[in-house]
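Participant: Quick one: this structure, given as structure tokens, is what I'll be asking you about.
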Amino acid sequence: MLLTNLNAATMRDHYGLIEDAAILIEDGRIAWVGPRAEAPSGMHGINCQGRLVTPGLIDCHTHLVYGGNRAHEFEMRLGGIAYADIAKSGGGIASTVRATRTQSEGELVASALKRLDALLAEGITTVEIKSGYGLDERTELKMLRVVRELDKLRPVDVAATYLGAHAIPPEFHNDREGYVKLICEQVIPAVVKFRLADAVDAFCEKIAFTVEETARVFEAARAHGLRIKLHAEQLSNLGGAKMAASFNALSVDHIEYLDDSGVEAIAKSGTVAVLLPGAFYYLREKQAPPVAALRHHGVPMAIATDLNPGSSPIHSILTTMNMACVLFGLRPDEALRGVTVNGARALGLNDRGMIVPGMKADLAIWDAERPGDLCYPIGYNPLTAVIKNGKTVRGTLS
Ligand code: NIG
Ligand code: FE
């Protein structure tokens with residue numbers, strides 16, 4: 001397949017923009033990209049009418065499999081009750097856990113598909129989904145099977161992450177130690193045995209797990225060959241990111257309260273900073289992540305929806321990119337890198353996120369003149385087609 005008459009945001013460097021470009025796809029991979037005038041001749045090309053082509057977008061942090069509904073907590077927070085206080089009184093993550101435990105795999109697949117489809121409608125071709133609303137072994141494995149099922153049901157690659165250390169489940173309220181042991185000695189081995197996850201994540205926070213408890217979970221993850229990610233420094237600075245860096249974590253996520261020494265630590269370990277402006281927006285946080293320091297130290301920044309029923313019920317990667325620009329001060333090229341090349345990196349995937357020879361032919365085609373157009377409006381979706389592994393899976397290319 002040869003695509004012609006397009007502007008290609010290759011993301012090699014900044015946007016890596018090639019105007020009036022062509023892209024050759026062979027066997028599901030990018031075979032060639034460059035100026036149209038230099039394109040291989042003698043092939044019938046598909047005229048993209050001057051549209052913008054970017055890598056398929058990557059949402060590297062979501063919790064989109066869950067049961068129940070937390071709209072009433074949104075109302076409570078607007079009435080002045082804090083997210084952490086709702087969590088302490090049995091709401092928050094615990095309330096989604098109760099609902100998720102009672103649902104069948106089929107029910108969870110059905111509700112998750114609606115959310116996933118909302119993401120796909122904006123050009124997502126790779127998405128990460130976490131467990132963490134079951135906490136007990138049965139429900140965590142159930143959630144991860146649902147995540148694996150979603151991968152089969154839609155033209156999207158789904159990365160699965162085990163987030164057992166999301167909250168202390170009610171049955172372990174007086175035995176935190178026992179729950180950490182369960183994660184390390186029982187659930188991680190089961191997850192690995194059934195190949196249900198690619199990575200392990202944890203929530204390191206005063207209302208969740210201490211740095212020491214999180215480190216024990218990571219020891220077990222490392223021993224079982226799973227990659228490591230962390231919800232760190234979202235509501236306070238506990239030093240979780242630094243500890244995660246010592247495990248060469250793929251990413252540390254949220255990081256509003258990350259300090260300079262934390263930034264230096266993740267710069268050294270090559271860990272990606274995943275910024276989640278949706279949660280910042282919904283929780284009406286005041287402290288933005290240390291973007292200037294992250295830039296200064298050359299830390300790759302990714303952006304994700306954090307789609308979840310509590311702190312970030314946002315189903316739009318384009319809106320999230322806009323928020324990263326408006327709320328965190330990212331440049332639009334940084335926002336686009338955050339959902340392409342750096343999103344891939346946050347998942348440990350080096351075969352996607354750029355339009356360069358050898359990479360997967362996952363492409364989004366936009367009715368847009370320039371890449372900055374993707375971050376600029378809210379509630380306007382210029383996606384016209386999606387190519388996944390070299391095949392058109394959305395829209396039509398004539
Ligand atoms: O990424 N921080 C912890 N986990 C989710 C929120 C989960 C919830 O409130 O249900 C987050 O913001
Ligand atoms: Fe999250």
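FYI, nothing fancy with the structure tokens labels: chains A, B, ... in order, residues from 1 per chain, ligands from 1 as they appear.
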Give as a PyMOL selection string the residues surrounding ligand 2 up to a distance of 8 Å, considering only C-alpha atoms and all ligand atoms.
Facilitator: chain A and resi 61-63+231+253-254+306-308
Participant: Take the residues from that selection and write them out as a PDB file, in the first residue's frame, keeping C-alpha atoms.
Facilitator:
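Written file, out38.pdb:
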ATOM      1  CA  HIS A  61      -2.528   4.473  31.257  1.00  0.00           C
ATOM      2  CA  THR A  62      -6.194   3.518  31.697  1.00  0.00           C
ATOM      3  CA  HIS A  63      -8.437   1.678  34.133  1.00  0.00           C
ATOM      4  CA  HIS A 231       1.269   5.727  40.426  1.00  0.00           C
ATOM      5  CA  ASP A 253       2.635   8.300  36.490  1.00  0.00           C
ATOM      6  CA  HIS A 254       0.854  11.425  37.820  1.00  0.00           C
ATOM      7  CA  ASP A 306      -6.124   7.621  33.116  1.00  0.00           C
ATOM      8  CA  LEU A 307      -9.704   6.696  32.135  1.00  0.00           C
ATOM      9  CA  ASN A 308     -11.254   5.499  35.426  1.00  0.00           C
TER      10      ASN A 308
END
Participant: Quick one: everything within 10 Å of Val299 of chain A, counting only C-alpha atoms, minus sequence neighbours fewer than 3 positions away in the same chain. Send it as number ranges by chain.
Facilitator: A: 263-264, 266-273, 291, 293-296, 302, 342
Participant: Would you mind exporting the chosen residues as a compact mmCIF listing (two decimals), in the first residue's frame, restricted to all heavy atoms?
Facilitator:
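New file selection_12.txt:
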# COMPACT_ATOMS: atom_id res chain seq x y z
N VAL A 263 13.18 13.90 39.92
CA VAL A 263 13.33 14.07 38.47
C VAL A 263 14.70 13.57 38.03
O VAL A 263 14.83 12.84 37.04
CB VAL A 263 13.14 15.56 38.05
CG1 VAL A 263 13.45 15.75 36.57
CG2 VAL A 263 11.72 16.03 38.36
N GLU A 264 15.73 13.91 38.81
CA GLU A 264 17.07 13.43 38.47
C GLU A 264 17.15 11.90 38.49
O GLU A 264 17.76 11.30 37.61
CB GLU A 264 18.10 13.99 39.47
CG GLU A 264 18.57 15.38 39.10
CD GLU A 264 19.36 16.05 40.22
OE1 GLU A 264 20.10 15.35 40.93
OE2 GLU A 264 19.20 17.28 40.38
N ILE A 266 14.70 9.70 37.93
CA ILE A 266 14.05 9.04 36.78
C ILE A 266 14.76 9.37 35.47
O ILE A 266 14.71 8.60 34.52
CB ILE A 266 12.53 9.34 36.70
CG1 ILE A 266 12.24 10.82 36.47
CG2 ILE A 266 11.79 8.81 37.93
CD1 ILE A 266 10.78 11.10 36.12
N ALA A 267 15.46 10.52 35.44
CA ALA A 267 16.24 10.84 34.24
C ALA A 267 17.35 9.79 34.09
O ALA A 267 17.59 9.28 32.99
CB ALA A 267 16.84 12.24 34.34
N LYS A 268 17.99 9.44 35.19
CA LYS A 268 19.10 8.46 35.16
C LYS A 268 18.62 7.07 34.76
O LYS A 268 19.30 6.35 34.05
CB LYS A 268 19.76 8.37 36.54
CG LYS A 268 20.73 9.50 36.80
CD LYS A 268 21.88 9.05 37.71
CE LYS A 268 22.69 10.26 38.16
NZ LYS A 268 22.02 10.95 39.30
N SER A 269 17.42 6.69 35.25
CA SER A 269 16.96 5.32 34.98
C SER A 269 16.25 5.19 33.63
O SER A 269 15.84 4.11 33.25
CB SER A 269 16.01 4.86 36.11
OG SER A 269 14.91 5.74 36.20
N GLY A 270 16.07 6.32 32.92
CA GLY A 270 15.39 6.26 31.62
C GLY A 270 13.91 5.99 31.75
O GLY A 270 13.26 5.50 30.83
N THR A 271 13.36 6.31 32.92
CA THR A 271 11.93 6.09 33.18
C THR A 271 11.10 7.21 32.56
O THR A 271 11.49 8.38 32.61
CB THR A 271 11.72 6.05 34.72
OG1 THR A 271 12.49 4.95 35.25
CG2 THR A 271 10.26 5.88 35.08
N VAL A 272 9.98 6.84 31.95
CA VAL A 272 9.10 7.84 31.31
C VAL A 272 8.21 8.50 32.37
O VAL A 272 7.71 7.82 33.27
CB VAL A 272 8.22 7.17 30.23
CG1 VAL A 272 7.25 8.17 29.61
CG2 VAL A 272 9.10 6.54 29.15
N ALA A 273 8.02 9.80 32.26
CA ALA A 273 7.08 10.53 33.11
C ALA A 273 5.73 10.54 32.40
O ALA A 273 5.60 11.12 31.33
CB ALA A 273 7.56 11.96 33.32
N VAL A 291 7.12 20.13 34.89
CA VAL A 291 7.41 20.01 33.46
C VAL A 291 8.75 20.65 33.09
O VAL A 291 9.53 20.07 32.32
CB VAL A 291 6.25 20.64 32.63
CG1 VAL A 291 6.63 20.79 31.18
CG2 VAL A 291 4.99 19.77 32.77
N ALA A 293 11.44 21.02 34.89
CA ALA A 293 12.55 20.15 35.35
C ALA A 293 12.63 18.89 34.49
O ALA A 293 13.73 18.42 34.16
CB ALA A 293 12.37 19.79 36.82
N LEU A 294 11.49 18.34 34.12
CA LEU A 294 11.49 17.14 33.28
C LEU A 294 12.14 17.44 31.93
O LEU A 294 12.95 16.66 31.42
CB LEU A 294 10.05 16.62 33.07
CG LEU A 294 9.35 16.09 34.33
CD1 LEU A 294 7.85 15.90 34.08
CD2 LEU A 294 9.98 14.78 34.80
N ARG A 295 11.80 18.61 31.37
CA ARG A 295 12.43 19.02 30.10
C ARG A 295 13.92 19.20 30.29
O ARG A 295 14.73 18.73 29.48
CB ARG A 295 11.86 20.38 29.68
CG ARG A 295 10.59 20.32 28.91
CD ARG A 295 10.28 21.73 28.37
NE ARG A 295 8.91 21.80 27.93
CZ ARG A 295 8.03 22.68 28.38
NH1 ARG A 295 8.37 23.61 29.27
NH2 ARG A 295 6.80 22.66 27.92
N HIS A 296 14.28 19.92 31.36
CA HIS A 296 15.69 20.23 31.62
C HIS A 296 16.52 18.95 31.69
O HIS A 296 17.65 18.91 31.20
CB HIS A 296 15.80 21.03 32.93
CG HIS A 296 17.20 21.35 33.32
ND1 HIS A 296 17.93 22.35 32.68
CD2 HIS A 296 18.03 20.80 34.24
CE1 HIS A 296 19.14 22.39 33.21
NE2 HIS A 296 19.22 21.46 34.16
N ALA A 302 5.10 11.26 28.56
CA ALA A 302 3.93 10.69 27.89
C ALA A 302 2.68 11.32 28.49
O ALA A 302 2.74 11.92 29.57
CB ALA A 302 3.90 9.18 28.07
N ASN A 342 6.47 8.59 23.00
CA ASN A 342 6.73 8.43 24.44
C ASN A 342 5.68 7.55 25.12
O ASN A 342 5.98 6.90 26.13
CB ASN A 342 6.84 9.80 25.12
CG ASN A 342 8.10 10.53 24.70
OD1 ASN A 342 9.06 9.92 24.24
ND2 ASN A 342 8.10 11.85 24.83
Participant: Based on DSSP run over this structure's backbone, return all residues of segment 178-327 of chain A in alpha helix (DSSP H), as number ranges by chain.
Facilitator: A: 178-182, 188-193, 211-223, 240-246, 260-269, 277-282, 291-296, 317-327
Participant: Name the residues, by chain letter and number, that sit within 7 Å of ligand 1 using only C-alpha atoms and all ligand atoms, and give them as a tab-separated table (two decimals) with N, CA, C and O atoms, in the first residue's frame.
Facilitator:
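The file below, selection.tsv, is the result:
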chain	number	residue	atom	x	y	z
A	92	GLY	N	-14.72	5.71	46.85
A	92	GLY	CA	-13.54	5.71	45.99
A	92	GLY	C	-13.29	4.34	45.40
A	92	GLY	O	-14.21	3.63	45.01
A	93	ILE	N	-12.02	3.96	45.34
A	93	ILE	CA	-11.62	2.70	44.72
A	93	ILE	C	-12.42	1.54	45.33
A	93	ILE	O	-12.90	0.66	44.61
A	96	THR	N	-15.78	0.89	43.74
A	96	THR	CA	-15.68	0.23	42.43
A	96	THR	C	-15.29	-1.24	42.61
A	96	THR	O	-15.72	-2.10	41.84
A	166	HIS	N	-3.49	-1.49	44.54
A	166	HIS	CA	-4.24	-0.25	44.23
A	166	HIS	C	-4.86	0.28	45.52
A	166	HIS	O	-4.94	1.48	45.74
A	203	PHE	N	-0.09	1.76	43.58
A	203	PHE	CA	-0.49	3.12	43.96
A	203	PHE	C	0.25	3.43	45.26
A	203	PHE	O	-0.08	2.90	46.32
A	231	HIS	N	2.01	4.50	40.11
A	231	HIS	CA	1.27	5.73	40.43
A	231	HIS	C	2.04	6.40	41.56
A	231	HIS	O	2.03	5.90	42.69
A	279	ALA	N	-6.99	13.54	35.65
A	279	ALA	CA	-7.14	13.40	37.11
A	279	ALA	C	-6.88	14.74	37.78
A	279	ALA	O	-7.57	15.12	38.73
A	306	ASP	N	-5.86	8.15	31.77
A	306	ASP	CA	-6.12	7.62	33.12
A	306	ASP	C	-7.60	7.25	33.24
A	306	ASP	O	-8.15	7.24	34.34
A	308	ASN	N	-10.80	6.28	34.27
A	308	ASN	CA	-11.25	5.50	35.43
A	308	ASN	C	-12.52	6.13	35.97
A	308	ASN	O	-12.84	7.28	35.66
A	309	PRO	N	-13.27	5.38	36.81
A	309	PRO	CA	-14.58	5.89	37.23
A	309	PRO	C	-14.52	6.94	38.33
A	309	PRO	O	-15.54	7.57	38.62
A	310	GLY	N	-13.34	7.14	38.92
A	310	GLY	CA	-13.27	8.06	40.05
A	310	GLY	C	-12.63	9.38	39.71
A	310	GLY	O	-13.29	10.40	39.52
A	311	SER	N	-11.29	9.35	39.57
A	311	SER	CA	-10.56	10.61	39.43
A	311	SER	C	-10.46	11.11	37.99
A	311	SER	O	-10.05	12.25	37.78
A	312	SER	N	-10.83	10.28	37.01
A	312	SER	CA	-10.62	10.73	35.62
A	312	SER	C	-11.55	10.02	34.62
A	312	SER	O	-11.10	9.26	33.78
Participant: Set the distance at 9 Å and use only C-alpha atoms: which residues neighbour segment 64-67 of chain A once local chain neighbours fewer than 6 positions away are removed? I'd like the list as a list in words.
Facilitator: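 Skipping anything fewer than 6 positions along the chain leaves Thr96, Val97, Arg98, Ala99, Thr100, Arg101, Thr102, Gln103, Glu107, Leu108, Val109, Ser111, Ala112, Leu113, Arg115, Leu116, Ile129, Lys130, Ser131, Tyr133, Gly134, Met143, Leu144, Val146, Val147, Asp306, Leu307, Asn308 and Pro309 of chain A.
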Participant: Residues of segment 292-377 of chain A that approach segment 9-29 of chain A to 10 Å or less, counting only C-alpha atoms: could you list each one with the shortest pair of atoms and its distance in Å to one decimal, rows by chain and increasing residue number, as JSON lines?
Facilitator:
{"residue": "A:Arg331", "atom": "CA", "partner": "A:His14", "partner_atom": "CA", "distance": 9.9}
{"residue": "A:Pro332", "atom": "CA", "partner": "A:Tyr15", "partner_atom": "CA", "distance": 9.1}
{"residue": "A:Asp333", "atom": "CA", "partner": "A:His14", "partner_atom": "CA", "distance": 5.7}
{"residue": "A:Glu334", "atom": "CA", "partner": "A:His14", "partner_atom": "CA", "distance": 7.2}
{"residue": "A:Leu336", "atom": "CA", "partner": "A:Tyr15", "partner_atom": "CA", "distance": 7.7}
{"residue": "A:Arg337", "atom": "CA", "partner": "A:Met11", "partner_atom": "CA", "distance": 6.7}
{"residue": "A:Thr340", "atom": "CA", "partner": "A:Met11", "partner_atom": "CA", "distance": 7.8}
{"residue": "A:Val341", "atom": "CA", "partner": "A:Met11", "partner_atom": "CA", "distance": 7.0}
{"residue": "A:Asn342", "atom": "CA", "partner": "A:Met11", "partner_atom": "CA", "distance": 9.9}
{"residue": "A:Asp351", "atom": "CA", "partner": "A:Arg29", "partner_atom": "CA", "distance": 9.4}
{"residue": "A:Arg352", "atom": "CA", "partner": "A:Arg29", "partner_atom": "CA", "distance": 9.6}
{"residue": "A:Gly353", "atom": "CA", "partner": "A:Met11", "partner_atom": "CA", "distance": 7.7}
{"residue": "A:Met354", "atom": "CA", "partner": "A:Met11", "partner_atom": "CA", "distance": 5.3}
{"residue": "A:Ile355", "atom": "CA", "partner": "A:Thr10", "partner_atom": "CA", "distance": 4.4}
{"residue": "A:Val356", "atom": "CA", "partner": "A:Thr10", "partner_atom": "CA", "distance": 6.7}
{"residue": "A:Pro357", "atom": "CA", "partner": "A:Arg29", "partner_atom": "CA", "distance": 7.3}
{"residue": "A:Gly358", "atom": "CA", "partner": "A:Arg29", "partner_atom": "CA", "distance": 5.8}
{"residue": "A:Met359", "atom": "CA", "partner": "A:Arg29", "partner_atom": "CA", "distance": 5.6}
{"residue": "A:Lys360", "atom": "CA", "partner": "A:Arg29", "partner_atom": "CA", "distance": 4.4}
{"residue": "A:Ala361", "atom": "CA", "partner": "A:Arg29", "partner_atom": "CA", "distance": 4.5}
{"residue": "A:Asp362", "atom": "CA", "partner": "A:Arg29", "partner_atom": "CA", "distance": 8.1}
{"residue": "A:Arg370", "atom": "CA", "partner": "A:Ala9", "partner_atom": "CA", "distance": 8.7}
{"residue": "A:Pro371", "atom": "CA", "partner": "A:Ala9", "partner_atom": "CA", "distance": 6.9}
{"residue": "A:Gly372", "atom": "CA", "partner": "A:Tyr15", "partner_atom": "CA", "distance": 9.2}
Participant: Just how far from atom CA of Ile314 of chain A is atom CA of Gly68 of chain A, in Å to one decimal?
Facilitator: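 Going from atom CA of Gly68 of chain A over to atom CA of Ile314 of chain A, I get 15.9 Å.
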Participant: Report, in Å to a single decimal, how far apart atom CA of His224 of chain A and atom CA of Val192 of chain A are.
Facilitator: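 Taking atom CA of Val192 of chain A and atom CA of His224 of chain A, their separation equals 7.1 Å.
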Participant: Name the closest residue to Asp136 of chain A among the candidates A:Gln186, A:Asn47, A:Ser261, A:Ser246; distances are taken between atoms, counting only C-alpha atoms.
Facilitator: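 Comparing A:Gln186, A:Asn47, A:Ser261, A:Ser246 against Asp136 of chain A, the winner is A:Gln186.
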Participant: Within 9 Å of Lys206 of chain A, counting only C-alpha atoms, which residues show up once you throw out same-chain ones fewer than 6 positions away? Write them as a PyMOL selection string, please.
Facilitator: chain A and resi 235-236+238
Participant: Here is a test: counting only C-alpha atoms, which residue of A:Arg284, A:Val326, A:Gly278, A:Val200 is nearest to Thr305 of chain A?
Facilitator: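 Checking each of A:Arg284, A:Val326, A:Gly278, A:Val200 against Thr305 of chain A, counting only C-alpha atoms, the winner is A:Gly278.
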Participant: Mind pulling up the distance from atom CA of Arg148 of chain A to atom CA of Ile188 of chain A?
Facilitator: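 So the answer is 16.4 Å.
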Participant: Near Leu374 of chain A, counting only C-alpha atoms, which residues have an atom at most 8 Å away, once you skip same-chain residues fewer than 5 positions from it, shown as a VMD selection string?
Facilitator: chain A and resid 318 368 382
Participant: So that I have them on file, write out the residues from the current selection with N, CA and C atoms, as a compact mmCIF listing (two decimals), in the first residue's frame.
Facilitator:
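This is the output file result-v6.txt:
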# COMPACT_ATOMS: atom_id res chain seq x y z
N LEU A 318 -7.84 13.25 22.70
CA LEU A 318 -7.62 14.60 22.13
C LEU A 318 -7.85 15.67 23.20
N ALA A 368 -6.82 17.45 8.93
CA ALA A 368 -6.17 18.56 9.63
C ALA A 368 -5.02 19.06 8.78
N PRO A 382 -11.25 15.36 14.20
CA PRO A 382 -10.96 15.36 12.76
C PRO A 382 -10.46 14.01 12.21
Participant: Which of these residues is nearest to Ala121 of chain A, using only C-alpha atoms: A:Ala37, A:Leu283, A:Val156, A:Ala87?
Facilitator: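 Closest residue, counting only C-alpha atoms: A:Val156.
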Participant: Which one is closest to Ala202 of chain A: A:Arg216, A:Lys229, A:Arg70, A:Arg222? Count only C-alpha atoms.
Facilitator: A:Lys229
Participant: DSSP on the backbone: what in segment 109-153 of chain A comes out strand (DSSP E or B), as JSON, numbers by chain?
Facilitator: {"A": [124, 125, 126, 127, 128, 129, 130]}
Participant: Would you save the residues from that selection as an mmCIF file, in the first residue's frame, using all heavy atoms?
Facilitator:
data_model
loop_
_atom_site.group_PDB
_atom_site.id
_atom_site.type_symbol
_atom_site.label_atom_id
_atom_site.label_comp_id
_atom_site.auth_asym_id
_atom_site.auth_seq_id
_atom_site.Cartn_x
_atom_site.Cartn_y
_atom_site.Cartn_z
ATOM 1 N N ILE A 124 -6.908 5.824 18.537
ATOM 2 C CA ILE A 124 -6.049 4.990 19.394
ATOM 3 C C ILE A 124 -5.826 3.633 18.712
ATOM 4 O O ILE A 124 -6.787 2.977 18.292
ATOM 5 C CB ILE A 124 -6.725 4.767 20.773
ATOM 6 C CG1 ILE A 124 -6.854 6.084 21.546
ATOM 7 C CG2 ILE A 124 -5.980 3.694 21.587
ATOM 8 C CD1 ILE A 124 -5.599 6.584 22.194
ATOM 9 N N THR A 125 -4.565 3.212 18.618
ATOM 10 C CA THR A 125 -4.266 1.875 18.092
ATOM 11 C C THR A 125 -3.550 0.995 19.116
ATOM 12 O O THR A 125 -3.354 -0.196 18.879
ATOM 13 C CB THR A 125 -3.416 1.955 16.799
ATOM 14 O OG1 THR A 125 -2.291 2.800 17.050
ATOM 15 C CG2 THR A 125 -4.218 2.516 15.639
ATOM 16 N N THR A 126 -3.132 1.585 20.238
ATOM 17 C CA THR A 126 -2.559 0.810 21.347
ATOM 18 C C THR A 126 -3.067 1.423 22.648
ATOM 19 O O THR A 126 -3.037 2.645 22.811
ATOM 20 C CB THR A 126 -1.013 0.861 21.345
ATOM 21 O OG1 THR A 126 -0.528 0.309 20.123
ATOM 22 C CG2 THR A 126 -0.416 0.080 22.516
ATOM 23 N N VAL A 127 -3.529 0.571 23.563
ATOM 24 C CA VAL A 127 -4.035 1.075 24.838
ATOM 25 C C VAL A 127 -3.542 0.160 25.957
ATOM 26 O O VAL A 127 -3.430 -1.054 25.764
ATOM 27 C CB VAL A 127 -5.585 1.172 24.819
ATOM 28 C CG1 VAL A 127 -6.219 -0.203 24.661
ATOM 29 C CG2 VAL A 127 -6.137 1.852 26.060
ATOM 30 N N GLU A 128 -3.232 0.751 27.084
ATOM 31 C CA GLU A 128 -2.883 -0.035 28.259
ATOM 32 C C GLU A 128 -4.092 -0.033 29.187
ATOM 33 O O GLU A 128 -4.769 0.993 29.320
ATOM 34 C CB GLU A 128 -1.670 0.577 28.967
ATOM 35 C CG GLU A 128 -1.175 -0.218 30.172
ATOM 36 C CD GLU A 128 -1.606 0.362 31.510
ATOM 37 O OE1 GLU A 128 -2.554 1.185 31.563
ATOM 38 O OE2 GLU A 128 -1.010 -0.004 32.522
ATOM 39 N N ILE A 129 -4.390 -1.198 29.792
ATOM 40 C CA ILE A 129 -5.513 -1.290 30.732
ATOM 41 C C ILE A 129 -5.024 -2.011 31.991
ATOM 42 O O ILE A 129 -4.376 -3.060 31.904
ATOM 43 C CB ILE A 129 -6.717 -2.041 30.122
ATOM 44 C CG1 ILE A 129 -7.114 -1.431 28.764
ATOM 45 C CG2 ILE A 129 -7.901 -2.000 31.086
ATOM 46 C CD1 ILE A 129 -8.239 -2.181 28.051
ATOM 47 N N LYS A 130 -5.374 -1.443 33.142
ATOM 48 C CA LYS A 130 -4.942 -2.018 34.420
ATOM 49 C C LYS A 130 -6.078 -2.782 35.086
ATOM 50 O O LYS A 130 -7.247 -2.422 34.929
ATOM 51 C CB LYS A 130 -4.513 -0.892 35.369
ATOM 52 C CG LYS A 130 -3.410 0.003 34.796
ATOM 53 C CD LYS A 130 -3.123 1.175 35.694
ATOM 54 C CE LYS A 130 -2.346 2.254 34.975
ATOM 55 N NZ LYS A 130 -1.007 1.854 34.536
#
